[in-house]
Amino acid sequence: MLKQVAEGVWVHESEFVRSNAVAVRGRAGVLLIDPGVTGSEIDCLADDLRELGRPVVAGFSTHPDWDHLLWHNRLGEAPRYGTARCAATVRDQLPDADAKARVAAHLEGTEIAGQVPLDLLGLITSLPAGTARIPWDGPEVRIIEHQAHAPGHAALLIEERGVLVAGDMLSDVLVPMLDLDAADPVEDYLAALRLLESVAGDADVLVPGHGSVGGADQTHARIERDRAYTLALREGRVPDDPRIGPPAKPGWEWVSDVHNGQAQRLAGMSERDGTPG
C-alpha cells in the first residue's frame, strides 16, 4: 500500500528486505523510483497508482543491483533512467540471455524464489554523464551521484517536496555495504556520506532503499551512524552498531554475515597493501 510521506510523494514498502519504492507526482503522471521486488507487490503498486489516476511517466533506478533494476508491464513503457555509470554497469553485468537465469538461480532457496518478474530486468536508459536533474515534467529532482555501494549510485533530492531518496544508504536495518571491488571502498563511502550531508539540510523526509522512512533528525543521525561504522571497518575495530546483531527480528541474521564478510575482505586488502587496520 502506498503511504504518503510528503506532498505528492508516496512510498511503498516491500516485505522483502523492506525495500522502498517511491512515487513522485508530476503534471501528467508519476516518477517511479526503484519500483519493488516481487510481482504481487508491483501489482499492488500498479493498482494503487491506478486508483490515484496517475500513470507512470518516468522511472529511475538508483543503482545497478538486481533488486533496483526490475519492472513490470503493468507499469507501462515509460523511460527508465539511471546514471551513465549505472547504465554502463548494467550492460556489463547483464550482457547476455543467461543473465536472468543467473538472477533466478541466485534467488533459489529464498522466500521470493519464482516470484520476481525478470522479463524487463535492467532495461535502463542512460542519462548523459554529469546530468544534474531527472528529465521529466514534474518537481525538480536533483541527482547526487557517488561511488559508494555500487558504481553510478545516485541519491535523489526532490527539492520542492523536501524529500531525500538515499538508495542503498542511510538504512536503519542494513549496515553500509561497501563496493569491495572498488580501488578504495572506504573512502568512496565516506565521500558519499559527505555529499549526502551537504544536502541533508534541504530534506525534511529521508527514504532509504531499505528500512524505515525518517525525518530530518534521522537523516543526520543515520549519516553519523554510517560514518562511525565505516571508520570502524577502516580501523579494524568491531563497530558499536545495533544493526549487526543480534537482530531485532528473526530472519535478519544475514546482516551480521554481510558485516563479517566485508570486515574480513577489508582486513585482507589492508594486509596486501601493507597498511595498518
# chains A, B, ... in the order shown; residues from 1 in each chain; ligands from 1
>>> closest_atom_pairs(of="segment 91-151 of chain A", to="segment 48-70 of chain A", cutoff="9 Å", atoms="only C-alpha atoms", output="JSON lines")
{"residue": "A:Gln93", "atom": "CA", "partner": "A:Pro64", "partner_atom": "CA", "distance": 8.7}
{"residue": "A:Val103", "atom": "CA", "partner": "A:Trp66", "partner_atom": "CA", "distance": 7.6}
{"residue": "A:Val116", "atom": "CA", "partner": "A:Leu70", "partner_atom": "CA", "distance": 8.3}
{"residue": "A:Pro117", "atom": "CA", "partner": "A:Leu70", "partner_atom": "CA", "distance": 7.0}
{"residue": "A:Leu118", "atom": "CA", "partner": "A:Leu70", "partner_atom": "CA", "distance": 6.7}
{"residue": "A:Asp119", "atom": "CA", "partner": "A:Leu70", "partner_atom": "CA", "distance": 8.5}
{"residue": "A:Leu120", "atom": "CA", "partner": "A:Leu70", "partner_atom": "CA", "distance": 6.5}
{"residue": "A:Leu121", "atom": "CA", "partner": "A:Leu70", "partner_atom": "CA", "distance": 4.9}
{"residue": "A:Gly122", "atom": "CA", "partner": "A:Leu69", "partner_atom": "CA", "distance": 4.9}
{"residue": "A:Leu123", "atom": "CA", "partner": "A:Leu69", "partner_atom": "CA", "distance": 7.5}
{"residue": "A:Ile124", "atom": "CA", "partner": "A:Ser61", "partner_atom": "CA", "distance": 7.7}
{"residue": "A:Thr125", "atom": "CA", "partner": "A:Phe60", "partner_atom": "CA", "distance": 9.0}
{"residue": "A:Ile134", "atom": "CA", "partner": "A:Phe60", "partner_atom": "CA", "distance": 8.4}
{"residue": "A:Pro135", "atom": "CA", "partner": "A:Ala58", "partner_atom": "CA", "distance": 8.7}
{"residue": "A:Trp136", "atom": "CA", "partner": "A:Ala58", "partner_atom": "CA", "distance": 6.9}
{"residue": "A:Asp137", "atom": "CA", "partner": "A:Val57", "partner_atom": "CA", "distance": 8.6}
{"residue": "A:His149", "atom": "CA", "partner": "A:His63", "partner_atom": "CA", "distance": 8.6}
{"residue": "A:Ala150", "atom": "CA", "partner": "A:His63", "partner_atom": "CA", "distance": 6.5}
{"residue": "A:Pro151", "atom": "CA", "partner": "A:His63", "partner_atom": "CA", "distance": 7.2}
>>> residues_around(residues="Glu111 of chain A", least_positions_apart="4", cutoff="12 Å", atoms="only C-alpha atoms", output="NGL selection string")
:A and (15-17 or 37-38 or 106-107 or 115-116 or 251)
>>> write_last_selection(atoms="C-alpha atoms", output="PDB file, in the first residue's frame")
ATOM      1  CA  GLU A  15       8.120  -7.294   2.625  1.00  0.00           C
ATOM      2  CA  PHE A  16      11.392  -8.481   1.093  1.00  0.00           C
ATOM      3  CA  VAL A  17      14.252  -6.764   2.973  1.00  0.00           C
ATOM      4  CA  VAL A  37      10.756  -6.703  -5.937  1.00  0.00           C
ATOM      5  CA  THR A  38       8.018  -9.345  -6.218  1.00  0.00           C
ATOM      6  CA  HIS A 106      20.626 -16.643  -7.117  1.00  0.00           C
ATOM      7  CA  LEU A 107      17.121 -16.431  -5.640  1.00  0.00           C
ATOM      8  CA  GLN A 115       8.107 -14.520  -7.515  1.00  0.00           C
ATOM      9  CA  VAL A 116      10.371 -11.888  -9.100  1.00  0.00           C
ATOM     10  CA  GLY A 251      15.408 -13.730   9.529  1.00  0.00           C
TER      11      GLY A 251
END
>>> closest_residue(among="A:Gly29, A:Ala101, A:Ile112, A:Ala192", to="Gly76 of chain A", atoms="only C-alpha atoms")
A:Gly29
>>> residues_around(residues="Leu156 of chain A", least_positions_apart="4", cutoff="7 Å", atoms="only C-alpha atoms", output="ChimeraX atom specification")
/A:141-144,164-166
>>> select_by_dssp(residues="segment 123-206 of chain A", states="alpha helix (DSSP H)", output="PyMOL selection string")
chain A and resi 185-199
>>> closest_residue(among="A:His220, A:Arg265, A:Arg227, A:Arg243", to="Asp179 of chain A", atoms="only C-alpha atoms")
A:Arg265
>>> select_by_dssp(residues="segment 65-235 of chain A", states="strand (DSSP E or B)", output="ChimeraX atom specification")
/A:80-82,125-126,133,141-146,153-158,163-167,205-208,210,214-215
>>> residues_around(residues="His12 of chain A", least_positions_apart="5", cutoff="12 Å", atoms="only C-alpha atoms", output="NGL selection string")
:A and (1-5 or 18-24 or 32-37 or 41-49 or 207-213)
>>> residues_around(residues="Ala200 of chain A", least_positions_apart="6", cutoff="12 Å", atoms="only C-alpha atoms", output="list in words")
Ile144, Ala155, Leu156, Leu157, Ile158, Glu159, Gly162, Val163, Leu164, Val165, Ala166, Leu170, Leu193, Arg194, Leu206, Val207, Gly214, Gly215, Ala216, Asp217, Gln218, Thr219, His220, Ala221, Arg222, Ile223 and Glu224 of chain A
>>> write_last_selection(atoms="C-alpha atoms", output="tab-separated table (two decimals), in the first residue's frame")
chain	number	residue	atom	x	y	z
A	144	ILE	CA	23.51	13.26	-6.34
A	155	ALA	CA	20.66	9.63	-4.27
A	156	LEU	CA	17.82	11.91	-5.33
A	157	LEU	CA	16.72	15.16	-3.72
A	158	ILE	CA	13.14	16.12	-4.53
A	159	GLU	CA	13.74	19.75	-3.76
A	162	GLY	CA	11.91	18.24	0.85
A	163	VAL	CA	12.50	14.50	0.31
A	164	LEU	CA	15.88	12.76	0.09
A	165	VAL	CA	15.75	9.33	-1.59
A	166	ALA	CA	19.01	7.73	-0.46
A	170	LEU	CA	21.24	5.53	5.44
A	193	LEU	CA	28.30	10.42	3.18
A	194	ARG	CA	29.81	13.88	2.90
A	206	LEU	CA	14.52	10.58	4.30
A	207	VAL	CA	13.63	7.47	2.28
A	214	GLY	CA	12.78	9.05	8.72
A	215	GLY	CA	12.55	12.76	9.42
A	216	ALA	CA	15.25	15.42	9.24
A	217	ASP	CA	16.68	14.46	12.63
A	218	GLN	CA	17.02	10.85	11.46
A	219	THR	CA	18.96	11.88	8.35
A	220	HIS	CA	21.82	13.40	10.34
A	221	ALA	CA	21.76	10.58	12.91
A	222	ARG	CA	21.98	7.91	10.21
A	223	ILE	CA	24.80	9.70	8.41
A	224	GLU	CA	26.78	9.74	11.66
>>> residues_around(residues="Ser126 of chain A", least_positions_apart="3", cutoff="9 Å", atoms="only C-alpha atoms", output="list of chain:residue names")
A:Arg80, A:Tyr81, A:Gly82, A:Thr83, A:Ala84, A:Arg85, A:Cys86, A:Ala87, A:Ala88, A:Ala129
>>> write_last_selection(atoms="N, CA and C atoms", output="mmCIF file, in the first residue's frame")
data_model
loop_
_atom_site.group_PDB
_atom_site.id
_atom_site.type_symbol
_atom_site.label_atom_id
_atom_site.label_comp_id
_atom_site.auth_asym_id
_atom_site.auth_seq_id
_atom_site.Cartn_x
_atom_site.Cartn_y
_atom_site.Cartn_z
ATOM 1 N N ARG A 80 13.077 4.414 -18.332
ATOM 2 C CA ARG A 80 13.609 4.087 -17.005
ATOM 3 C C ARG A 80 15.062 4.542 -16.967
ATOM 4 N N TYR A 81 15.312 5.612 -16.255
ATOM 5 C CA TYR A 81 16.619 6.247 -16.279
ATOM 6 C C TYR A 81 17.557 5.691 -15.206
ATOM 7 N N GLY A 82 18.829 5.905 -15.458
ATOM 8 C CA GLY A 82 19.883 5.680 -14.481
ATOM 9 C C GLY A 82 21.055 6.555 -14.868
ATOM 10 N N THR A 83 22.012 6.730 -13.965
ATOM 11 C CA THR A 83 23.197 7.499 -14.325
ATOM 12 C C THR A 83 23.966 6.761 -15.424
ATOM 13 N N ALA A 84 24.835 7.478 -16.099
ATOM 14 C CA ALA A 84 25.614 6.867 -17.178
ATOM 15 C C ALA A 84 26.437 5.691 -16.665
ATOM 16 N N ARG A 85 27.026 5.858 -15.498
ATOM 17 C CA ARG A 85 27.856 4.762 -14.957
ATOM 18 C C ARG A 85 26.991 3.598 -14.495
ATOM 19 N N CYS A 86 25.826 3.895 -13.950
ATOM 20 C CA CYS A 86 24.891 2.827 -13.584
ATOM 21 C C CYS A 86 24.505 2.021 -14.820
ATOM 22 N N ALA A 87 24.106 2.714 -15.886
ATOM 23 C CA ALA A 87 23.675 2.027 -17.103
ATOM 24 C C ALA A 87 24.809 1.212 -17.717
ATOM 25 N N ALA A 88 26.032 1.755 -17.680
ATOM 26 C CA ALA A 88 27.181 1.016 -18.218
ATOM 27 C C ALA A 88 27.442 -0.244 -17.407
ATOM 28 N N ALA A 129 26.443 11.617 -18.972
ATOM 29 C CA ALA A 129 27.314 11.767 -17.802
ATOM 30 C C ALA A 129 27.227 13.189 -17.259
#
>>> residues_around(residues="segment 230-233 of chain A", least_positions_apart="2", cutoff="10 Å", atoms="only C-alpha atoms", output="MDAnalysis selection string")
chainID A and resid 175:178 185:187 189:190 224:228 235:240 259 262:264 266:267 277
>>> atom_distance(atom1="atom CA of Glu253 of chain A", atom2="atom CA of Gly39 of chain A")
25.3 Å
>>> atom_distance(atom1="atom CA of Glu160 of chain A", atom2="atom CA of Val30 of chain A")
14.9 Å
>>> decode(residues="segment 201-247 of chain A", atoms="N, CA and C atoms", output="PDB file, in the first residue's frame")
ATOM      1  N   GLY A 201      20.308  19.225   4.929  1.00  0.00           N
ATOM      2  CA  GLY A 201      19.551  20.353   5.452  1.00  0.00           C
ATOM      3  C   GLY A 201      18.388  20.764   4.581  1.00  0.00           C
ATOM      4  N   ASP A 202      18.357  20.292   3.329  1.00  0.00           N
ATOM      5  CA  ASP A 202      17.270  20.629   2.412  1.00  0.00           C
ATOM      6  C   ASP A 202      16.148  19.604   2.439  1.00  0.00           C
ATOM      7  N   ALA A 203      16.272  18.583   3.293  1.00  0.00           N
ATOM      8  CA  ALA A 203      15.288  17.496   3.308  1.00  0.00           C
ATOM      9  C   ALA A 203      14.620  17.372   4.676  1.00  0.00           C
ATOM     10  N   ASP A 204      13.313  17.272   4.650  1.00  0.00           N
ATOM     11  CA  ASP A 204      12.538  17.005   5.862  1.00  0.00           C
ATOM     12  C   ASP A 204      12.203  15.530   5.999  1.00  0.00           C
ATOM     13  N   VAL A 205      12.343  14.786   4.893  1.00  0.00           N
ATOM     14  CA  VAL A 205      11.996  13.368   4.872  1.00  0.00           C
ATOM     15  C   VAL A 205      13.136  12.594   4.226  1.00  0.00           C
ATOM     16  N   LEU A 206      13.495  11.476   4.835  1.00  0.00           N
ATOM     17  CA  LEU A 206      14.520  10.584   4.305  1.00  0.00           C
ATOM     18  C   LEU A 206      13.878   9.252   3.943  1.00  0.00           C
ATOM     19  N   VAL A 207      14.110   8.787   2.700  1.00  0.00           N
ATOM     20  CA  VAL A 207      13.631   7.471   2.278  1.00  0.00           C
ATOM     21  C   VAL A 207      14.846   6.628   1.901  1.00  0.00           C
ATOM     22  N   PRO A 208      15.217   5.662   2.738  1.00  0.00           N
ATOM     23  CA  PRO A 208      16.321   4.770   2.359  1.00  0.00           C
ATOM     24  C   PRO A 208      15.838   3.699   1.398  1.00  0.00           C
ATOM     25  N   GLY A 209      16.771   3.040   0.750  1.00  0.00           N
ATOM     26  CA  GLY A 209      16.381   1.950  -0.145  1.00  0.00           C
ATOM     27  C   GLY A 209      15.733   0.810   0.593  1.00  0.00           C
ATOM     28  N   HIS A 210      16.132   0.607   1.847  1.00  0.00           N
ATOM     29  CA  HIS A 210      15.595  -0.469   2.672  1.00  0.00           C
ATOM     30  C   HIS A 210      15.437   0.053   4.094  1.00  0.00           C
ATOM     31  N   GLY A 211      14.269  -0.160   4.676  1.00  0.00           N
ATOM     32  CA  GLY A 211      14.073   0.231   6.070  1.00  0.00           C
ATOM     33  C   GLY A 211      13.075   1.347   6.241  1.00  0.00           C
ATOM     34  N   SER A 212      13.124   1.978   7.416  1.00  0.00           N
ATOM     35  CA  SER A 212      12.115   2.955   7.810  1.00  0.00           C
ATOM     36  C   SER A 212      12.366   4.321   7.199  1.00  0.00           C
ATOM     37  N   VAL A 213      11.277   4.981   6.808  1.00  0.00           N
ATOM     38  CA  VAL A 213      11.327   6.386   6.423  1.00  0.00           C
ATOM     39  C   VAL A 213      11.580   7.213   7.682  1.00  0.00           C
ATOM     40  N   GLY A 214      12.435   8.228   7.572  1.00  0.00           N
ATOM     41  CA  GLY A 214      12.777   9.048   8.724  1.00  0.00           C
ATOM     42  C   GLY A 214      12.583  10.526   8.452  1.00  0.00           C
ATOM     43  N   GLY A 215      12.628  11.313   9.526  1.00  0.00           N
ATOM     44  CA  GLY A 215      12.554  12.761   9.419  1.00  0.00           C
ATOM     45  C   GLY A 215      13.936  13.378   9.339  1.00  0.00           C
ATOM     46  N   ALA A 216      13.978  14.714   9.387  1.00  0.00           N
ATOM     47  CA  ALA A 216      15.248  15.424   9.243  1.00  0.00           C
ATOM     48  C   ALA A 216      16.240  15.027  10.321  1.00  0.00           C
ATOM     49  N   ASP A 217      15.769  14.834  11.548  1.00  0.00           N
ATOM     50  CA  ASP A 217      16.676  14.456  12.629  1.00  0.00           C
ATOM     51  C   ASP A 217      17.294  13.086  12.377  1.00  0.00           C
ATOM     52  N   GLN A 218      16.512  12.179  11.757  1.00  0.00           N
ATOM     53  CA  GLN A 218      17.022  10.852  11.455  1.00  0.00           C
ATOM     54  C   GLN A 218      18.094  10.881  10.373  1.00  0.00           C
ATOM     55  N   THR A 219      17.971  11.800   9.419  1.00  0.00           N
ATOM     56  CA  THR A 219      18.961  11.875   8.347  1.00  0.00           C
ATOM     57  C   THR A 219      20.348  12.099   8.915  1.00  0.00           C
ATOM     58  N   HIS A 220      20.505  13.103   9.763  1.00  0.00           N
ATOM     59  CA  HIS A 220      21.817  13.400  10.339  1.00  0.00           C
ATOM     60  C   HIS A 220      22.289  12.250  11.241  1.00  0.00           C
ATOM     61  N   ALA A 221      21.377  11.673  12.010  1.00  0.00           N
ATOM     62  CA  ALA A 221      21.764  10.578  12.907  1.00  0.00           C
ATOM     63  C   ALA A 221      22.246   9.374  12.109  1.00  0.00           C
ATOM     64  N   ARG A 222      21.586   9.080  11.001  1.00  0.00           N
ATOM     65  CA  ARG A 222      21.976   7.913  10.210  1.00  0.00           C
ATOM     66  C   ARG A 222      23.284   8.161   9.467  1.00  0.00           C
ATOM     67  N   ILE A 223      23.507   9.385   9.027  1.00  0.00           N
ATOM     68  CA  ILE A 223      24.800   9.696   8.413  1.00  0.00           C
ATOM     69  C   ILE A 223      25.916   9.449   9.423  1.00  0.00           C
ATOM     70  N   GLU A 224      25.749   9.917  10.640  1.00  0.00           N
ATOM     71  CA  GLU A 224      26.776   9.738  11.665  1.00  0.00           C
ATOM     72  C   GLU A 224      26.969   8.264  12.005  1.00  0.00           C
ATOM     73  N   ARG A 225      25.867   7.509  12.058  1.00  0.00           N
ATOM     74  CA  ARG A 225      25.990   6.090  12.378  1.00  0.00           C
ATOM     75  C   ARG A 225      26.705   5.344  11.261  1.00  0.00           C
ATOM     76  N   ASP A 226      26.373   5.670  10.000  1.00  0.00           N
ATOM     77  CA  ASP A 226      27.060   5.016   8.881  1.00  0.00           C
ATOM     78  C   ASP A 226      28.534   5.410   8.821  1.00  0.00           C
ATOM     79  N   ARG A 227      28.825   6.673   9.164  1.00  0.00           N
ATOM     80  CA  ARG A 227      30.223   7.111   9.184  1.00  0.00           C
ATOM     81  C   ARG A 227      30.998   6.372  10.275  1.00  0.00           C
ATOM     82  N   ALA A 228      30.406   6.255  11.446  1.00  0.00           N
ATOM     83  CA  ALA A 228      31.080   5.555  12.545  1.00  0.00           C
ATOM     84  C   ALA A 228      31.337   4.094  12.176  1.00  0.00           C
ATOM     85  N   TYR A 229      30.366   3.463  11.533  1.00  0.00           N
ATOM     86  CA  TYR A 229      30.539   2.070  11.112  1.00  0.00           C
ATOM     87  C   TYR A 229      31.686   1.947  10.113  1.00  0.00           C
ATOM     88  N   THR A 230      31.697   2.828   9.122  1.00  0.00           N
ATOM     89  CA  THR A 230      32.704   2.749   8.059  1.00  0.00           C
ATOM     90  C   THR A 230      34.105   3.020   8.610  1.00  0.00           C
ATOM     91  N   LEU A 231      34.225   3.993   9.497  1.00  0.00           N
ATOM     92  CA  LEU A 231      35.523   4.274  10.110  1.00  0.00           C
ATOM     93  C   LEU A 231      36.002   3.096  10.953  1.00  0.00           C
ATOM     94  N   ALA A 232      35.073   2.431  11.649  1.00  0.00           N
ATOM     95  CA  ALA A 232      35.461   1.257  12.433  1.00  0.00           C
ATOM     96  C   ALA A 232      36.004   0.159  11.527  1.00  0.00           C
ATOM     97  N   LEU A 233      35.366  -0.045  10.366  1.00  0.00           N
ATOM     98  CA  LEU A 233      35.889  -1.027   9.414  1.00  0.00           C
ATOM     99  C   LEU A 233      37.297  -0.659   8.974  1.00  0.00           C
ATOM    100  N   ARG A 234      37.505   0.612   8.657  1.00  0.00           N
ATOM    101  CA  ARG A 234      38.823   1.039   8.190  1.00  0.00           C
ATOM    102  C   ARG A 234      39.894   0.808   9.245  1.00  0.00           C
ATOM    103  N   GLU A 235      39.515   0.993  10.516  1.00  0.00           N
ATOM    104  CA  GLU A 235      40.482   0.877  11.607  1.00  0.00           C
ATOM    105  C   GLU A 235      40.576  -0.528  12.179  1.00  0.00           C
ATOM    106  N   GLY A 236      39.801  -1.464  11.609  1.00  0.00           N
ATOM    107  CA  GLY A 236      39.864  -2.846  12.067  1.00  0.00           C
ATOM    108  C   GLY A 236      39.192  -3.083  13.407  1.00  0.00           C
ATOM    109  N   ARG A 237      38.258  -2.197  13.776  1.00  0.00           N
ATOM    110  CA  ARG A 237      37.536  -2.345  15.041  1.00  0.00           C
ATOM    111  C   ARG A 237      36.163  -2.960  14.790  1.00  0.00           C
ATOM    112  N   VAL A 238      35.606  -3.569  15.840  1.00  0.00           N
ATOM    113  CA  VAL A 238      34.227  -4.056  15.766  1.00  0.00           C
ATOM    114  C   VAL A 238      33.307  -2.867  16.002  1.00  0.00           C
ATOM    115  N   PRO A 239      32.449  -2.524  15.049  1.00  0.00           N
ATOM    116  CA  PRO A 239      31.583  -1.356  15.227  1.00  0.00           C
ATOM    117  C   PRO A 239      30.594  -1.547  16.369  1.00  0.00           C
ATOM    118  N   ASP A 240      30.333  -0.487  17.102  1.00  0.00           N
ATOM    119  CA  ASP A 240      29.267  -0.493  18.098  1.00  0.00           C
ATOM    120  C   ASP A 240      27.992  -0.099  17.374  1.00  0.00           C
ATOM    121  N   ASP A 241      27.354  -1.085  16.749  1.00  0.00           N
ATOM    122  CA  ASP A 241      26.241  -0.807  15.841  1.00  0.00           C
ATOM    123  C   ASP A 241      25.160  -1.865  16.031  1.00  0.00           C
ATOM    124  N   PRO A 242      23.950  -1.455  16.422  1.00  0.00           N
ATOM    125  CA  PRO A 242      22.893  -2.443  16.680  1.00  0.00           C
ATOM    126  C   PRO A 242      22.473  -3.224  15.450  1.00  0.00           C
ATOM    127  N   ARG A 243      22.799  -2.746  14.253  1.00  0.00           N
ATOM    128  CA  ARG A 243      22.354  -3.430  13.040  1.00  0.00           C
ATOM    129  C   ARG A 243      23.091  -4.743  12.799  1.00  0.00           C
ATOM    130  N   ILE A 244      24.252  -4.931  13.434  1.00  0.00           N
ATOM    131  CA  ILE A 244      24.999  -6.166  13.181  1.00  0.00           C
ATOM    132  C   ILE A 244      24.630  -7.268  14.157  1.00  0.00           C
ATOM    133  N   GLY A 245      23.677  -7.022  15.018  1.00  0.00           N
ATOM    134  CA  GLY A 245      23.133  -8.109  15.817  1.00  0.00           C
ATOM    135  C   GLY A 245      23.309  -7.928  17.305  1.00  0.00           C
ATOM    136  N   PRO A 246      22.518  -8.762  18.030  1.00  0.00           N
ATOM    137  CA  PRO A 246      21.561  -9.730  17.492  1.00  0.00           C
ATOM    138  C   PRO A 246      20.403  -9.022  16.808  1.00  0.00           C
ATOM    139  N   PRO A 247      19.805  -9.666  15.770  1.00  0.00           N
ATOM    140  CA  PRO A 247      18.760  -8.992  15.005  1.00  0.00           C
ATOM    141  C   PRO A 247      17.509  -8.757  15.829  1.00  0.00           C
TER     142      PRO A 247
END
